[in-house]
Structures are given as C-alpha cells and as structure tokens.
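K.L.:
The structure's right below; bear with me while I get my questions together.
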Amino acid sequence: MKDKCICRYYPKTNFGLSDAEVQNRKQNNLVNFATNIKSKSFTYIIISNVFTLFNFLNFMLALAIIYVGSYKNLLFLGVVFCNTIISIIQEINAKIIVDRLSVISEIKVKVIRNGQQEFIKINDIVLDDIIIYQNGNQIVTDSIIAQGSVEVDESFITGESDPIYKKAGDLLKSGSFIISGKCYGRVEHVGLDNYTAQITKGAKYVKKIDSVLLKSLKKIIKVISLIIIPIGILLFYQQLTLDDNILENAVINTVAALIGMIPEGLVLLTSTVLAVSVIRLARQKVLVQDLYSIESLARTDVICFDKTGTLTTGKMKLFKVINFVKNENSEVIAEVINGLDDNSPTISAIKKHYNCQNTWQVKGAIPFSSSRKWSGVSFKNRDAYLIGAPERLLLDKKLYESYMDNYRLLALVKTNSLTENLNNDLEPIALFLIEDEIRSDAITTLDYFQKENVDVKIISGDSVRTISGVAKKLGFKNYLNYIDVSNMPDEILIKASLKYDIFGRVSPKQKKVIIDTLRENGHYVAMIGDGVNDVLALKSSSVSVALASGSDAARNIAEIVLLDSDFDAMPNVVKEGRRTINNITRSATLFLAKTSYATMLALLFLFIEMSYPFEPIQLTLISATTIGIPSFILAIEPNNEKIRGNFIANVISRSLPAAFTTISNILIVMLISYLLNWTDRQISTFTLILTGYTGFLLLYKLSEPFNLIRKVLFIFLVSMFVLAVLNFRNLFSITTLNLPMLIYLLILIISATFFFAIYTNIYYKVKIYRHKRKSMLQD
C-alpha cells in the first residue's frame with residue numbers, strides 16, 4: 001500500500017469525509033482491518049488437539065501393534081479418539097461463545113462523517129477518516145492530530161511508561177492510549193501499514209501466562225517425553241532377549257509399558273474442563289480472554305481494586321460548592337469548566353449545575369493528568385485557571401481537610417499564566433464537594449473476598465481520606481489502614497505496599513510498583529480496574545479484570561471482562577476457578593498414579609528376567625474404568641475449596657500411595673509366580689485384577705465424601721470392570737482361575753488394601769510434617 005501513489009484527503013475536523021469519499025476509499029481497498037490477536041480458529045483447534053506429542057506416540061505404538069497383528073490391543077486408540085473428539089467439541093463450543101461475547105466488548109470508534117458524529121467498527125475505518133480521541137481511548141490506527149492536544153501512554157509499543165504530550169501535527173501511534181485531553185485525528189495508516197502491525201500483529205498487548213497448571217503440565221510432558229523413548233528401546237531389547245520369547249510378545253509387552261506411562265487424557269482433560277468453565281462464565285456475561293486466567297483468579301490471595309468506576313459506579317454528584325471569594329463565581333466556573341473540554345465524570349457533575357456556555361475565548365489548555373492531578377485553561381485577555389486535587393493546588397490544608405472523609409474534592413484556583421509547572425501565585429476560588437455513587441454489588445463482593453481471607457487493597461488517585469470514607473461504607477474492615485503516597489519515593493512505597501491496605505494519590509506508575517512488590521513477595525495478585533490509569537497495574541498483575549463500562553485501554557489489557565460491569569459475577573469466577581483447579585488436581589491424581597507405577601514397572605523390568613505383566617488392552621480396561629470415565633465426571637463437579645499447595649507436589653504425593661501399592665502387588669505376584677511356575681497369562685490376570693482393584697481404592701479415596709453422583713458412578717464403574725473380567729476373558733487375555741488361585745487372589749486383595757492404607761498413612765504424616773515445617777519457617 002505504501003508503494004502506491006494515493007490521493008490524500010484533508011477533511012475539516014468539523015465535517016470529516018463525505019459518503020462519496022468513504023465509498024472511494026472502500027473501492028480502493030484503503031480500509032482498516034484489525035491485525036490484533038483473534039481467538040483460535042476452528043482449524044487450529046482441530047490441529048492442536050489431534051497433532052499432540054502423546055497422540056503421535058500412541059499412533060507409533062499402534063503401528064507397532066498392527067505390524068505384529070495383535071489387533072485387539074488397538075482398543076487403546078478408542079480412548080485416544082474419544083478424548084480428542086470431546087476436547088475438540090468443548091473448545092469449539094467455548095470459541096463460539098467467546099467470539100459472540102467479544103463482539104459485545106468490541107471497541108468502536110467515534111468518527112466525523114458528513115458533519116455528524118457516529119460510532120463505527122475498527123474494520124470500517126478508512127484512510128483520512130477523522131476520529132475523535134479522548135481520555136481512555138485506544139489509538140486503533142495511526143493518526144495525525146488535526147486539532148487539539150493529548151497526553152499519550154506508549155508503554156505497550158515502546159516500553160516507556162512516561163506520558164508523552166502530543167499536539168496538532170504529531171503522530172498518534174496505534175497501540176497507544178489517551179491518558180488525558182481530547183483531539184481530532186486524521187487516519188494516516190490502515191491495516192498492515194500501522195505502526196504496530198509488523199511488531200505485534202495488532203494493538204492488543206499479549207501478557208505472559210502466569211499459570212501454575214500450565215507450567216506443571218509442561219513439566220510432566222517434558223519429563224515423560226525425555227524418558228519414554230530410551231526406556232522403550234531398552235525394554236524392547238530386554239523383552240526380545242528373554243528365553244522363549246518372540247517378536248510379537250516383545251512388541252506387545254513394550255507397547256503396554258509405554259501406554260501405561262502416557263497420561264493420554266490429562267492434557268485434553270485440562271483444556272476441556274477449562275473450556276467448560278469459559279462456557280459457564282459466558283452465561284453469566286463474563287468474557288474470559290485467556291483460559292488460564294480462571295486458574296490465576298482462583299489462586300489469588302491479594303486483590304487490588306481501583307475506586308472510581310470500580311468500587312463506585314463512576315457517576316458523580318455535586319453536593320456543594322465552597323466559595324473562597326466574595327464575588328459571584330458562577331460565570332467563572334461555567335467558563336472554566338466549558339473551556340477545559342473535559343467529559344470526565346467529575347467535571348460532568350459540575351457542568352450539570354452551571355450554564356456552561358462558552359463566551360470567553362480560550363487561549364490554551366493543559367489536559368488532566370493522573371501524575372499532575374490537575375488540568376488548566378487560559379483565556380485571551382483574562383487570567384488562567386487550574387482545577388484539580390486540593391493537595392496540589394491549595395497551600396492551606398484548613399480550606400479542605402474537614403471535607404476529605406466523605407467527599408471527592410476538586411479545587412479551583414486562579415493563576416497569572418498557564419504552565420506545566422505550578423506557579424506560586426495560586427489564588428483559591430472555590431472548592432467542589434463531589435459524592436461518589438457506590439456500587440451496591442461491590443459491598444457483597446468485598447465481603448466475599450474478606451471472608452475468603454483474600455487480602456483486599458484499594459488503590460486510587462483520590463485522597464486517602466475520601467477513599468477511606470468510601471471503604472467504610474463498603475464494609476471494608478481495614479478502612480483506617482491508609483497512606484498517602486503522593487511524591488513518595490519508590491523505595492518507601494515498596495515497604496508501604498506490604499503494610500497498608502488503602503493507597504491514595506497514587507500515580508499509574510506507583511500502582512505498578514505496588515502490584516510488582518506484592519508479586520515479588522510471593523503473592524498471586526488480581527487487579528480490577530476500568531480506567532487508562534489502571535493499565536500499567538493491570539498489565540503487571542497475575543490476573544487482570546476490567547469492567548465493560550470502562551475504558552478501551554482497560555478492556556483490551558484485561559484477561560477477564562465483566563460484560564455487565566456486575567461485581568456479583570466476581571465470586572462466581574473465583575468459585576469456577578476453584579472448581580476447575582481442584583477437580584483437575586483430583587483427576588490428574590488418577591492419571592499420574594498410572595503413569596507413576598507404569599514408569600517404575602518399566603524401569604524394574606529392565607532388570608527382571610520375566611515378561612512384562614500387562615497387555616495394552618488390559619491397561620485400556622483399567623484406564624477406562626478407574627481413570628478416563630471418572631476423571632471427566634469428577635472434573636465438572638462443584639468444588640469451592642480454597643486452592644492450597646503446589647499442583648505437581650499435590651498430584652504426585654496423592655498418586656504415590658496407589659502407585660506404590662500397585663508395584664508391591666506386582667512384585668508379590670511375580671515372586672509367587674516364580675515359586676509356583678505360573679504362566680504369563682495367569683500372571684497378567686492377577687496383575688490386571690489387582691491393579692484395577694488398587695485403582696478403585698484410589699478412586700474411592702478421592703471421591704470422599706460420597707454424594708449421589710459419586711456413589712452411582714463408583715458402583716457403575718466397579719460393575720463395568722467386574723463384568724468385563726467375567727464375560728470378556730478372551731478379549732482381555734484373562735485365564736480362568738481355579739480354587740487355589742482364587743484363594744491367592746483373595747489374600748492378595750487383602751494385602752493390597754493393607755499396603756494402600758500404610759502408604760496413605762505415610763502420605764498424610766509427611767503432609768502434616770511439611771505443613772508444620774512450613775509454618776515454623778514462616779514464623
């Protein structure tokens with residue numbers, strides 16, 4: 001596009017492009033299109049679920065089974081196929097719902113066309129369109145400022161978080177955000193010609209996923225992928241060199257060992273359960289833009305709220321005006337408020353009470369900045385005026401201090417000249433007492449997090465006493481534990497971040513420092529905000545939540561968006577996350593119990609001069625009845641327990657009693673078979689029944705306390721296993737047991753119960769010891 005000779009339009013800011021000019025742009029394909037990251041495509045979902053490492057390994061093992069002609073042992077592919085199909089269906093369902101909700105949350109821009117303001121989609125912007133940008137807006141396409149001035153945050157595209165002042169003639173880069181001010185921008189580039197297109201493929205910031213679950217799954221996959229091939233090669237060689245063994249048996253035995261080592265459904269189960277959670281939350285008008293953010297919010301132990309627009313509705317009401325001069329101020333206030341061209345809630349609240357007709361000629365203006373805490377306007381042949389935080393503009397604290405507990409305060413002062421730096425000639429004119437409208441749902445949400453022992457912190461640009469007053473009305477227990485951090489050095493702020501619960505006069509950079517400090521001290525931090533001044537904090541948090549009613553900037557950076565801006569949804573998001581993680585932990589225990597004993601068995605049989613005691617089809621029966629079916633059912637049950645401990649440590653430690661019991665059972669069977677000269681089929685029959693029994697012991701333990709669903713599920717699975725053993729002996733290579741062997745089996749079942757109880761008792765003792773040791777170290 002850049003190489004073409006393009007006829008440019010330079011429309012007036014009050015008229016914009018005409019319909020004919022817009023149509024011309026579209027005919028010449030000079031239309032913008034979003035280059036930001038989309039949700040996964042249907043093709044990608046199918047490919048990512050089909051072409052996995054474990055599926056590849058299963059496919060290669062299946063080829064080996066086909067080669068030796070043992071077709072019944074291909075049954076394990078049915079489990080693989082079902083897991084893959086279920087995962088694909090759930091992810092596609094989640095994608096459809098998320099895409100539908102994303103349309104609701106989609107950014108629309110305000111343009112001038114034919115002299116009229118209208119909202120259009122990003123993909124409808126054409127070259128040379130006039131776009132109106134103001135506080136909180138995202139720059140969706142490179143634009144030249146035609147009129148006005150703004151402060152811009154370019155941290156997402158340059159890494160520099162300091163605000164940048166832009167005036168007429170300057171370029172607004174796509175991917176940046178308006179911090180303050182208002183301007184009219186003429187679209188300079190569209191589509192791939194935009195500044196960010198080549199760098200990030202879009203204006204949306206991609207945050208690194210902070211997921212314990214994802215990291216743990218990657219570690220499990222990495223370990224298994226590193227050991228499975230070497231073990232497979234060595235075990236195949238060992239089985240092939242056994243006396244009287246043939247190639248077919250060596251292949252079948254090796255494939256059985258490797259199938260046991262692969263937790264084939266674990267990764268697919270995780271993505272499926274997370275996809276189901278996304279669907280459930282979508283029904284409550286919660287848009288989850290990243291799957292693993294559900295987990296992050298469930299693990300949160302510190303939650304940080306912005307006040308304005310978050311804990312409060314963002315709507316303001318002017319309660320009272322305190323005049324500091326005897327002369328009538330109504331005209332002055334009206335002219336100043338109108339001259340600022342500021343549509344923020346605070347200024348809008350004042351506008352409602354004054355006839356804001358502009359008769360004074362504006363000479364210059366400085367837009368409000370979160371770092372300055374004030375804005376200003378100057379008039380031709382008149383003084384200049386500043387309006388903002390009284391702590392910055394009023395030297396005498398007595399003028400405002402008594403009002404700070406209950407109101408948001410704005411001071412109006414007069415000065416001789418308008419400059420970026422405050423002059424010493426500030427003359428107090430008036431003090432505005434403005435009331436915040438508290439969100440009714442914020443009270444119940446705050447109460448929920450306090451009862452769940454989640455530390456709550458309120459971070460705002462308002463005065464600490466104003467925030468404290470709002471916090472008291474919200475029922476916040478620590479409403480007196482506050483600090484003013486204006487002009488506070490970072491080294492002091494870092495210490496304060498861990499000590500205080502309410503922070504006032506906080507700049508955007510300071511919000512980031514607070515979040516970073518909490519995370520560096522081992523906390524999982526959630527940040528909930530709605531304004532552009534929250535963006536740096538949202539970016540730095542473990543998980544970020546935005547309200548749909550907030551700024552483009554906040555919605556774009558957030559991993560979770562409350563589409564109804566309803567705080568009542570927050571507890572449900574946490575509960576959904578806890579249900580997901582706790583149930584995945586429980587289901588993963590079933591998978592890793594099999595992986596653990598299969599890996600240990602494979603290593604042991606490198607040194608035991610006997611055939612591996614399982615066939616693939618036997619492990620398929622065990623996996624289906626004690627792992628596959630129950631894991632998917634249990635994974636979608638309600639579970640609101642608080643998440644504790646490390647995922648891998650929890651899963652492995654819970655799975656080891658069953659794994660060690662299985663190993664003990666098999667070693668005893670191998671010893672007895674050596675003494676009594678049992679056949680390979682008799683050995684595999686014993687190991688199949690005992691391993692299935694041990695699997696049910698673990699499932700019973702994980703299902704406690706039993707409810708109706710768990711009882712029915714457990715009885716059904718045990719019945720399914722018993723019926724398969726009794727009625728499909730040839731299919732599962734099971735021999736008929738005579739009376740002495742049945743007695744041996746009964747004794748071994750009793751010993752398996754005994755082993756499981758001992759190993760489980762050891763697990764709990766180790767768990768208690770670790771908990772006590774951790775408590776001692778913390779004290």
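Residues are named by chain letter and number: chains run A, B, ... in the order of the structure tokens, numbers start at 1 in each chain, and ligands are numbered from 1 in the order shown.
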If we count only C-alpha atoms and set the cut-off at 7 Å, which residues sit around A:Ile366, ignoring sequence neighbours fewer than 6 positions away in its own chain? Please answer as a ChimeraX atom specification.
P.N.:
/A:375-377
K.L.:
For the residues selected in the previous step, produce a file with C-alpha atoms as a compact mmCIF listing (two decimals), in the first residue's frame.
P.N.:
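What follows is the written file result_34.txt:
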```txt
# COMPACT_ATOMS: atom_id res chain seq x y z
CA SER A 375 -5.83 20.45 34.48
CA GLY A 376 -5.87 24.05 33.38
CA VAL A 377 -7.18 26.56 30.88
```
K.L.:
Excluding A:Thr270 and its own-chain neighbours fewer than 5 positions away, which residues fall within 12 Å of it when counting only C-alpha atoms? Please give them as JSON, numbers by chain.
P.N.:
{"A": [49, 83, 84, 86, 87, 90, 91, 213, 214, 216, 217, 263, 264, 265, 275, 276, 277, 291, 292, 295, 580, 581, 582, 583, 584, 585, 586, 587, 588, 591, 631, 632, 635, 636]}
K.L.:
Atom CA of A:Leu171 and atom CA of A:Tyr184, how far apart in Å?
P.N.:
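Answer for the atom CA of A:Tyr184 to atom CA of A:Leu171 separation: 11.6 Å.
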K.L.:
Please compute the atom CA of A:Phe716-atom CA of A:Thr753 distance, one decimal, in Å.
P.N.:
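Atom-to-atom, atom CA of A:Phe716 to atom CA of A:Thr753, that is 20.8 Å.
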K.L.:
Quick one: residues within 10 Å of A:Asn481, only C-alpha atoms, excluding same-chain residues fewer than 4 positions away - as a list in words?
P.N.:
Lys457, Val464, Ser468, Lys477, Lys499, Tyr500, Asp501, Ile502 and Phe503 of chain A
K.L.:
Please, which residues in stretch 228-281 of chain A fall within 9 Å of stretch 576-579 of chain A when counting only C-alpha atoms, and what is the closest atom pair and distance in Å to one decimal for each, ordered by chain then residue number, as JSON lines?
P.N.:
```
{"residue": "A:Leu274", "atom": "CA", "partner": "A:Gly577", "partner_atom": "CA", "distance": 8.7}
{"residue": "A:Ser277", "atom": "CA", "partner": "A:Glu576", "partner_atom": "CA", "distance": 6.5}
{"residue": "A:Arg280", "atom": "CA", "partner": "A:Glu576", "partner_atom": "CA", "distance": 8.3}
{"residue": "A:Leu281", "atom": "CA", "partner": "A:Glu576", "partner_atom": "CA", "distance": 7.8}
```
K.L.:
Once you have the residues from the selection above, write them out as a CSV table (one decimal), in the first residue's frame, restricted to C-alpha atoms.
P.N.:
```
chain,number,residue,atom,x,y,z
A,274,LEU,CA,-11.2,-25.0,31.2
A,277,SER,CA,-15.6,-23.1,32.6
A,280,ARG,CA,-20.3,-21.4,32.2
A,281,LEU,CA,-18.9,-18.0,32.9
```
